[in-house]
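K.L.:
First the structure, then my questions, so here it is.
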Amino acid sequence: MHRRLFLATAAALGLTRPARAEDSFEVTLSEADWRARLSPAQYAVLRQEDTERAGSSPLDKEYGAGTYHCAGCDLPVFSSDTKFDSGTGWPSFWDPLPDAIRTREDTSLFLGTRTEVHCRRCGGHFGHVFPDGPPPTGLRYCMNGLALVFKPA
């Protein structure tokens with residue numbers, strides 16, 4: 001089943017997790033303002049928690065020195081110093097910048113438990129973090145390239 005149809009059906013049936021009271025952010029825009037600020041694909045990823053197709057982001061193969069920012073609010077979130085080739089087809093990092101992200105457990109949609117990664121300033125959905133990354137953290141922050149903007153050093 002197409003992921004968006006599945007998510008829409010799950011939401012209609014009340015199977016997705018509701019918004020939480022602690023989900024407040026410095027940057028808060030209306031749906032119309034987010035749609036005006038972001039491309040349709042960025043909106044789907046950042047605001048609707050969609051996932052881009054593996055290997056589709058040019059940021060997966062970007063290895064220049066610089067910083068990756070949230071495409072929604074421009075907060076610096078990852079340094080190129082922590083980027084690595086995970087072989088998954090998505091940009092991957094072993095550590096975020098200090099105070100750049102929030103995580104939360106996602107147990108919706110019968111997928112088991114995964115840890116979501118969101119922008120701490122606007123709440124935009126970046127992707128997920130997994131415990132199979134390289135040293136020194138052992139973590140793999142598997143991010144959607146559409147959720148990020150690379151700014152060379």
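Each chain in the structure tokens gets a letter, A, B, ..., in the order shown, and its residues are numbered from 1; ligands are numbered from 1 in order too.
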Enumerate as a ChimeraX atom specification all residues of segment 15-107 of chain A assigned to strand (DSSP E) by DSSP on the backbone, naming them with the chain letters and numbers the document uses.
P.N.:
/A:66-70,76-79,83-84,92-93,101-106
K.L.:
Do you know which residues are at most 12 Å from Thr28 of chain A counting only C-alpha atoms, after dropping those on the same chain fewer than 5 positions away, and could you put them as number ranges by chain?
P.N.:
A: 23, 33-34, 47, 72-73, 119-124
K.L.:
How close does segment 81-131 of chain A get to segment 138-153 of chain A? List, as a Markdown table, each residue of segment 81-131 of chain A within 7 Å, its nearest atom pair and the distance in Å to one decimal, counting only C-alpha atoms.
P.N.:
| residue | atom | partner | partner_atom | distance |
| --- | --- | --- | --- | --- |
| A:Trp90 | CA | A:Met143 | CA | 6.0 |
| A:Pro91 | CA | A:Met143 | CA | 5.5 |
| A:Ser92 | CA | A:Cys142 | CA | 4.7 |
| A:Phe93 | CA | A:Tyr141 | CA | 5.0 |
| A:Trp94 | CA | A:Arg140 | CA | 5.2 |
| A:Phe126 | CA | A:Met143 | CA | 5.3 |
| A:Gly127 | CA | A:Met143 | CA | 4.6 |
| A:His128 | CA | A:Cys142 | CA | 5.5 |
| A:Val129 | CA | A:Tyr141 | CA | 4.3 |
| A:Phe130 | CA | A:Arg140 | CA | 5.1 |
| A:Pro131 | CA | A:Leu139 | CA | 4.7 |
K.L.:
Within 7 Å of segment 56-70 of chain A, which residues of segment 75-128 of chain A come that close, and what is the closest atom pair and distance in Å for each? Count only C-alpha atoms and give it as a tab-separated table.
P.N.:
residue	atom	partner	partner_atom	distance
A:Leu75	CA	A:His69	CA	5.2
A:Pro76	CA	A:His69	CA	4.2
A:Val77	CA	A:His69	CA	5.3
A:Phe78	CA	A:Tyr68	CA	5.0
A:Ser79	CA	A:Thr67	CA	4.6
A:Ser80	CA	A:Gly66	CA	5.4
A:Gly89	CA	A:Asp60	CA	6.4
A:Trp90	CA	A:Asp60	CA	5.3
A:Pro91	CA	A:Asp60	CA	4.2
A:Cys119	CA	A:Cys70	CA	6.9
K.L.:
Could the residues in this selection be saved with C-alpha atoms as an mmCIF file, in the first residue's frame?
P.N.:
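The resulting again13.cif:
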data_model
loop_
_atom_site.group_PDB
_atom_site.id
_atom_site.type_symbol
_atom_site.label_atom_id
_atom_site.label_comp_id
_atom_site.auth_asym_id
_atom_site.auth_seq_id
_atom_site.Cartn_x
_atom_site.Cartn_y
_atom_site.Cartn_z
ATOM 1 C CA LEU A 75 18.392 25.927 12.663
ATOM 2 C CA PRO A 76 21.862 24.342 12.333
ATOM 3 C CA VAL A 77 21.356 20.667 13.239
ATOM 4 C CA PHE A 78 24.291 18.549 11.988
ATOM 5 C CA SER A 79 27.952 19.197 11.237
ATOM 6 C CA SER A 80 29.629 17.633 8.218
ATOM 7 C CA GLY A 89 20.553 5.905 0.680
ATOM 8 C CA TRP A 90 19.794 8.637 3.222
ATOM 9 C CA PRO A 91 22.137 11.241 4.718
ATOM 10 C CA CYS A 119 13.883 19.889 14.930
#
K.L.:
Segment 31-140 of chain A: which residues are helix (DSSP H, G or I) by DSSP, as a list of chain:residue names?
P.N.:
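Of segment 31-140 of chain A, only A:Glu31, A:Ala32, A:Asp33, A:Trp34, A:Arg35, A:Ala36, A:Arg37, A:Pro40, A:Ala41, A:Gln42, A:Tyr43, A:Ala44, A:Val45, A:Leu46, A:Arg47, A:Gln48, A:Pro58, A:Leu59, A:Asp60, A:Lys61, A:Ser80, A:Asp81, A:Thr82, A:Ser108, A:Leu109, A:Phe110 fall in helix (DSSP H, G or I).
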